[in-house]
>>> print(open('start.tsv').read())   # TSV, C-alpha atoms
chain	number	residue	atom	x	y	z
A	25	MET	CA	10.60	36.09	-139.34
A	26	THR	CA	7.08	37.37	-138.68
A	27	THR	CA	5.66	37.18	-135.20
A	28	THR	CA	1.98	37.34	-134.47
A	29	PRO	CA	1.16	40.04	-131.93
A	30	LEU	CA	-0.13	38.79	-128.61
A	31	LYS	CA	-3.80	39.22	-127.83
A	32	PRO	CA	-5.11	41.08	-124.76
A	33	LEU	CA	-5.12	39.30	-121.40
A	34	GLY	CA	-8.93	38.89	-121.39
A	35	TYR	CA	-8.77	36.84	-124.58
A	36	TYR	CA	-6.36	34.32	-123.04
A	37	LEU	CA	-8.27	34.15	-119.75
A	38	LYS	CA	-11.56	33.39	-121.52
A	39	ALA	CA	-10.02	31.02	-124.07
A	40	LEU	CA	-8.07	29.08	-121.44
A	41	ASP	CA	-11.09	28.85	-119.14
A	42	ALA	CA	-13.21	27.46	-121.98
A	43	LEU	CA	-10.51	24.97	-123.01
A	44	ILE	CA	-9.99	23.78	-119.43
A	45	SER	CA	-13.75	23.35	-119.02
A	46	GLU	CA	-14.03	21.39	-122.29
A	47	ASP	CA	-11.09	19.14	-121.40
A	48	PHE	CA	-12.51	18.57	-117.93
A	49	ALA	CA	-15.94	17.72	-119.35
A	50	ARG	CA	-14.40	15.13	-121.72
A	51	THR	CA	-12.40	13.62	-118.86
A	52	LEU	CA	-15.40	13.37	-116.53
A	53	SER	CA	-17.97	12.23	-119.08
A	54	ALA	CA	-16.44	8.74	-119.25
A	55	HIS	CA	-17.46	8.35	-115.60
A	56	GLU	CA	-20.81	10.08	-116.05
A	57	LEU	CA	-19.72	12.95	-113.84
A	58	THR	CA	-20.01	16.71	-114.15
A	59	ARG	CA	-17.49	19.21	-112.86
A	60	ARG	CA	-19.74	19.85	-109.85
A	61	ASP	CA	-19.93	16.10	-109.14
A	62	TRP	CA	-16.12	15.93	-109.25
A	63	GLN	CA	-15.75	18.90	-106.91
A	64	VAL	CA	-18.01	17.23	-104.34
A	65	LEU	CA	-16.24	13.86	-104.65
A	66	HIS	CA	-12.80	15.45	-104.52
A	67	SER	CA	-13.62	17.66	-101.53
A	68	LEU	CA	-14.95	14.70	-99.57
A	69	ALA	CA	-11.96	12.56	-100.58
A	70	LEU	CA	-9.59	15.24	-99.26
A	71	GLN	CA	-11.55	16.35	-96.19
A	72	GLY	CA	-13.49	13.27	-95.17
A	73	PRO	CA	-17.20	13.42	-94.26
A	74	LEU	CA	-18.54	16.97	-94.10
A	75	ALA	CA	-21.75	18.67	-93.06
A	76	ARG	CA	-23.59	20.14	-96.05
A	77	PRO	CA	-23.10	23.77	-94.92
A	78	VAL	CA	-19.35	23.24	-94.53
A	79	LEU	CA	-19.05	21.55	-97.94
A	80	SER	CA	-21.20	24.24	-99.52
A	81	GLY	CA	-18.90	26.91	-98.06
A	82	LEU	CA	-15.83	25.17	-99.47
A	83	LEU	CA	-17.34	24.91	-102.95
A	84	GLU	CA	-19.12	28.27	-103.13
A	85	PRO	CA	-16.17	30.22	-104.61
A	86	PHE	CA	-16.06	27.77	-107.54
A	87	TRP	CA	-19.77	27.51	-108.30
A	88	GLU	CA	-20.99	30.29	-110.51
A	89	PRO	CA	-24.56	31.59	-110.27
A	90	GLY	CA	-27.01	29.25	-111.93
A	91	ALA	CA	-24.91	26.14	-111.24
A	92	ARG	CA	-26.62	23.09	-109.78
A	93	ILE	CA	-26.88	23.50	-106.03
A	94	LEU	CA	-25.18	21.13	-103.60
A	95	ASP	CA	-28.41	19.34	-102.69
A	96	GLU	CA	-29.02	18.48	-106.38
A	97	VAL	CA	-25.44	17.28	-106.90
A	98	ALA	CA	-25.40	15.29	-103.66
A	99	GLY	CA	-28.81	13.78	-104.42
A	100	ALA	CA	-27.61	12.53	-107.80
A	101	LEU	CA	-24.39	11.11	-106.31
A	102	ILE	CA	-26.35	9.41	-103.52
A	103	ALA	CA	-28.74	7.90	-106.07
A	104	ARG	CA	-25.76	6.51	-107.99
A	105	GLY	CA	-24.21	5.01	-104.86
A	106	ARG	CA	-21.21	7.32	-104.66
A	107	LEU	CA	-22.22	9.23	-101.52
A	108	THR	CA	-24.10	8.56	-98.32
A	109	ALA	CA	-25.94	11.04	-96.15
A	110	ASP	CA	-26.14	10.65	-92.40
A	111	GLY	CA	-28.38	13.49	-91.35
A	112	ASP	CA	-26.65	16.60	-92.69
A	113	THR	CA	-23.27	14.90	-93.19
A	114	LEU	CA	-22.13	13.66	-96.60
A	115	ALA	CA	-19.47	10.99	-97.07
A	116	LEU	CA	-18.03	8.92	-99.89
A	117	THR	CA	-19.11	5.32	-100.26
A	118	GLU	CA	-16.63	2.64	-101.32
A	119	ALA	CA	-17.86	3.13	-104.91
A	120	GLY	CA	-17.35	6.88	-104.49
A	121	ARG	CA	-13.78	6.34	-103.29
A	122	ARG	CA	-13.07	4.07	-106.27
A	123	THR	CA	-14.58	6.57	-108.69
A	124	HIS	CA	-12.58	9.39	-107.15
A	125	ALA	CA	-9.33	7.44	-107.41
A	126	GLU	CA	-9.96	6.53	-111.07
A	127	VAL	CA	-10.96	10.04	-112.07
A	128	ALA	CA	-8.14	11.66	-110.06
A	129	THR	CA	-5.67	9.85	-112.33
A	130	LEU	CA	-7.43	11.30	-115.40
A	131	VAL	CA	-7.58	14.79	-113.89
A	132	ASP	CA	-3.85	14.62	-113.13
A	133	ALA	CA	-3.20	13.64	-116.76
A	134	GLY	CA	-5.23	16.67	-117.88
A	135	ARG	CA	-3.18	18.94	-115.63
A	136	ALA	CA	-0.01	17.43	-117.10
A	137	ARG	CA	-1.28	18.27	-120.62
A	138	LEU	CA	-2.01	21.82	-119.51
A	139	MET	CA	1.47	22.21	-118.05
A	140	ARG	CA	3.35	20.61	-120.97
A	141	GLY	CA	6.48	22.67	-121.66
A	142	LEU	CA	6.05	24.75	-118.49
A	143	THR	CA	7.97	24.59	-115.25
A	144	ASP	CA	6.65	24.80	-111.72
A	145	ASP	CA	8.20	28.28	-111.58
A	146	ASP	CA	6.27	29.29	-114.73
A	147	TYR	CA	3.05	28.18	-113.04
A	148	LEU	CA	3.85	29.94	-109.76
A	149	ARG	CA	4.79	33.15	-111.57
A	150	THR	CA	1.58	33.07	-113.63
A	151	VAL	CA	-0.67	32.44	-110.64
A	152	THR	CA	1.14	35.12	-108.63
A	153	VAL	CA	0.58	37.69	-111.39
A	154	LEU	CA	-3.10	36.72	-111.73
A	155	ASP	CA	-3.52	36.92	-107.95
A	156	ARG	CA	-2.05	40.43	-107.95
A	157	MET	CA	-4.29	41.54	-110.86
A	158	THR	CA	-7.33	40.13	-109.06
A	159	ALA	CA	-6.39	41.94	-105.87
A	160	ASN	CA	-5.83	45.18	-107.81
A	161	LEU	CA	-9.40	45.11	-109.11
A	162	THR	CA	-11.13	43.79	-105.99
A	163	PRO	CA	-13.04	46.62	-104.31
A	164	GLY	CA	-11.71	47.42	-100.85
A	165	ARG	CA	-8.33	45.78	-101.36
>>> encode(input="start.tsv", output="structure tokens")
Amino acid sequence: MTTTPLKPLGYYLKALDALISEDFARTLSAHELTRRDWQVLHSLALQGPLARPVLSGLLEPFWEPGARILDEVAGALIARGRLTADGDTLALTEAGRRTHAEVATLVDAGRARLMRGLTDDDYLRTVTVLDRMTANLTPGR
């Protein structure tokens, strides 16, 4: 029996990130959403109405440089009737809540595909190891 040698960690991190992004894009495209749109909808669904600076702070760790800024994402979602703005506070509309609920089911199905054949312990162990590696390379930690 011949086994293929494993590739370096960086290969799997990049490949998995790309595959997750592609799967997410396919899932969201049916609802004419981007990943950034989903993150805004999901954050507001979980937290309730939020001031733009607070929402921006929550999302900042996930938004890489060059990504659409919150004002652009919120503006598009407001124009499509999924968000409202009351001064600086953003909130889901009824249509936004419906969209979130529909897409959440699809996102959960995507997570189930990702986790196929893995246990909760496998996931926890993997994330714990990645957290430790990240901490090891973070300056000042």
>>> residues_around(input="start.tsv", residues="segment 31-39 of chain A", least_positions_apart="5", cutoff="10 Å", atoms="all atoms listed in the file", output="list in words")
Ile44, Ser45 and Leu154 of chain A
>>> closest_residue(input="start.tsv", among="A:Arg149, A:Ala119, A:Leu161, A:Gly134", to="Glu46 of chain A", atoms="all atoms listed in the file")
A:Gly134
>>> closest_residue(input="start.tsv", among="A:Leu57, A:Glu88, A:Arg50, A:Asn160", to="Ala100 of chain A", atoms="only C-alpha atoms")
A:Leu57
>>> closest_residue(input="start.tsv", among="A:Arg135, A:Ile102, A:Ser80, A:Val151", to="Thr117 of chain A", atoms="all atoms listed in the file")
A:Ile102
>>> atom_distance(input="start.tsv", atom1="atom CA of Asp47 of chain A", atom2="atom CA of Ala136 of chain A")
12.0 Å
>>> closest_residue(input="start.tsv", among="A:Ala128, A:Leu83, A:Val64, A:Ala75", to="Ala109 of chain A", atoms="all atoms listed in the file")
A:Ala75
>>> closest_residue(input="start.tsv", among="A:Leu70, A:Ala133, A:Ala49, A:Leu65", to="Ala98 of chain A", atoms="all atoms listed in the file")
A:Leu65
>>> residues_around(input="start.tsv", residues="Gly120 of chain A", least_positions_apart="2", cutoff="8 Å", atoms="only C-alpha atoms", output="count of residues only")
10
>>> residues_around(input="start.tsv", residues="segment 110-114 of chain A", least_positions_apart="5", cutoff="7 Å", atoms="only C-alpha atoms", output="PyMOL selection string")
chain A and resi 73-76
>>> decode(input="start.tsv", residues="segment 62-74 of chain A", atoms="all heavy atoms", output="compact mmCIF listing (two decimals), in the first residue's frame")
# COMPACT_ATOMS: atom_id res chain seq x y z
N TRP A 62 -23.44 38.86 4.16
CA TRP A 62 -23.84 37.85 5.12
C TRP A 62 -23.33 38.19 6.52
O TRP A 62 -24.05 38.08 7.51
CB TRP A 62 -23.35 36.46 4.70
CG TRP A 62 -23.48 35.47 5.82
CD1 TRP A 62 -22.48 34.90 6.54
CD2 TRP A 62 -24.70 34.96 6.37
NE1 TRP A 62 -22.99 34.07 7.50
CE2 TRP A 62 -24.36 34.09 7.42
CE3 TRP A 62 -26.05 35.16 6.09
CZ2 TRP A 62 -25.31 33.42 8.18
CZ3 TRP A 62 -27.00 34.48 6.85
CH2 TRP A 62 -26.63 33.62 7.87
N GLN A 63 -22.08 38.63 6.61
CA GLN A 63 -21.51 38.94 7.92
C GLN A 63 -22.28 40.07 8.59
O GLN A 63 -22.51 40.03 9.81
CB GLN A 63 -20.03 39.29 7.79
CG GLN A 63 -19.19 38.06 7.46
CD GLN A 63 -17.77 38.41 7.09
OE1 GLN A 63 -17.50 39.44 6.48
NE2 GLN A 63 -16.84 37.54 7.45
N VAL A 64 -22.71 41.06 7.82
CA VAL A 64 -23.50 42.15 8.38
C VAL A 64 -24.87 41.63 8.82
O VAL A 64 -25.30 41.87 9.95
CB VAL A 64 -23.63 43.31 7.38
CG1 VAL A 64 -24.68 44.33 7.83
CG2 VAL A 64 -22.28 44.00 7.17
N LEU A 65 -25.55 40.90 7.94
CA LEU A 65 -26.87 40.35 8.28
C LEU A 65 -26.78 39.46 9.52
O LEU A 65 -27.60 39.55 10.43
CB LEU A 65 -27.45 39.56 7.12
CG LEU A 65 -27.89 40.32 5.88
CD1 LEU A 65 -28.33 39.35 4.79
CD2 LEU A 65 -29.00 41.29 6.20
N HIS A 66 -25.80 38.57 9.53
CA HIS A 66 -25.67 37.61 10.62
C HIS A 66 -25.34 38.32 11.94
O HIS A 66 -25.92 37.99 12.99
CB HIS A 66 -24.60 36.57 10.28
CG HIS A 66 -24.57 35.41 11.20
ND1 HIS A 66 -25.65 34.59 11.40
CD2 HIS A 66 -23.59 34.94 12.00
CE1 HIS A 66 -25.34 33.65 12.27
NE2 HIS A 66 -24.10 33.85 12.67
N SER A 67 -24.45 39.30 11.89
CA SER A 67 -24.12 40.04 13.12
C SER A 67 -25.33 40.75 13.68
O SER A 67 -25.58 40.71 14.90
CB SER A 67 -23.01 41.06 12.83
OG SER A 67 -21.82 40.40 12.48
N LEU A 68 -26.11 41.38 12.82
CA LEU A 68 -27.31 42.08 13.28
C LEU A 68 -28.39 41.10 13.75
O LEU A 68 -29.13 41.41 14.69
CB LEU A 68 -27.83 43.01 12.20
CG LEU A 68 -26.91 44.19 11.86
CD1 LEU A 68 -27.43 44.94 10.64
CD2 LEU A 68 -26.75 45.12 13.06
N ALA A 69 -28.47 39.93 13.13
CA ALA A 69 -29.44 38.92 13.57
C ALA A 69 -29.07 38.42 14.96
O ALA A 69 -29.96 38.18 15.79
CB ALA A 69 -29.48 37.76 12.58
N LEU A 70 -27.78 38.28 15.24
CA LEU A 70 -27.35 37.78 16.55
C LEU A 70 -27.37 38.86 17.62
O LEU A 70 -27.73 38.59 18.77
CB LEU A 70 -25.93 37.22 16.45
CG LEU A 70 -25.73 35.97 15.60
CD1 LEU A 70 -24.26 35.59 15.57
CD2 LEU A 70 -26.58 34.82 16.11
N GLN A 71 -26.97 40.08 17.26
CA GLN A 71 -26.77 41.15 18.24
C GLN A 71 -27.94 42.12 18.36
O GLN A 71 -28.04 42.85 19.33
CB GLN A 71 -25.53 41.97 17.88
CG GLN A 71 -24.25 41.18 17.77
CD GLN A 71 -23.71 40.76 19.14
OE1 GLN A 71 -23.82 41.51 20.10
NE2 GLN A 71 -23.16 39.57 19.21
N GLY A 72 -28.78 42.17 17.32
CA GLY A 72 -29.81 43.19 17.29
C GLY A 72 -29.25 44.45 16.67
O GLY A 72 -28.11 44.47 16.20
N PRO A 73 -30.01 45.55 16.66
CA PRO A 73 -29.53 46.80 16.06
C PRO A 73 -28.21 47.23 16.70
O PRO A 73 -28.02 47.10 17.91
CB PRO A 73 -30.64 47.79 16.38
CG PRO A 73 -31.86 46.94 16.56
CD PRO A 73 -31.37 45.66 17.19
N LEU A 74 -27.32 47.73 15.84
CA LEU A 74 -26.00 48.17 16.31
C LEU A 74 -25.60 49.48 15.65
O LEU A 74 -25.91 49.71 14.48
CB LEU A 74 -24.92 47.12 15.97
CG LEU A 74 -24.99 45.78 16.68
CD1 LEU A 74 -24.00 44.81 16.07
CD2 LEU A 74 -24.71 45.96 18.17
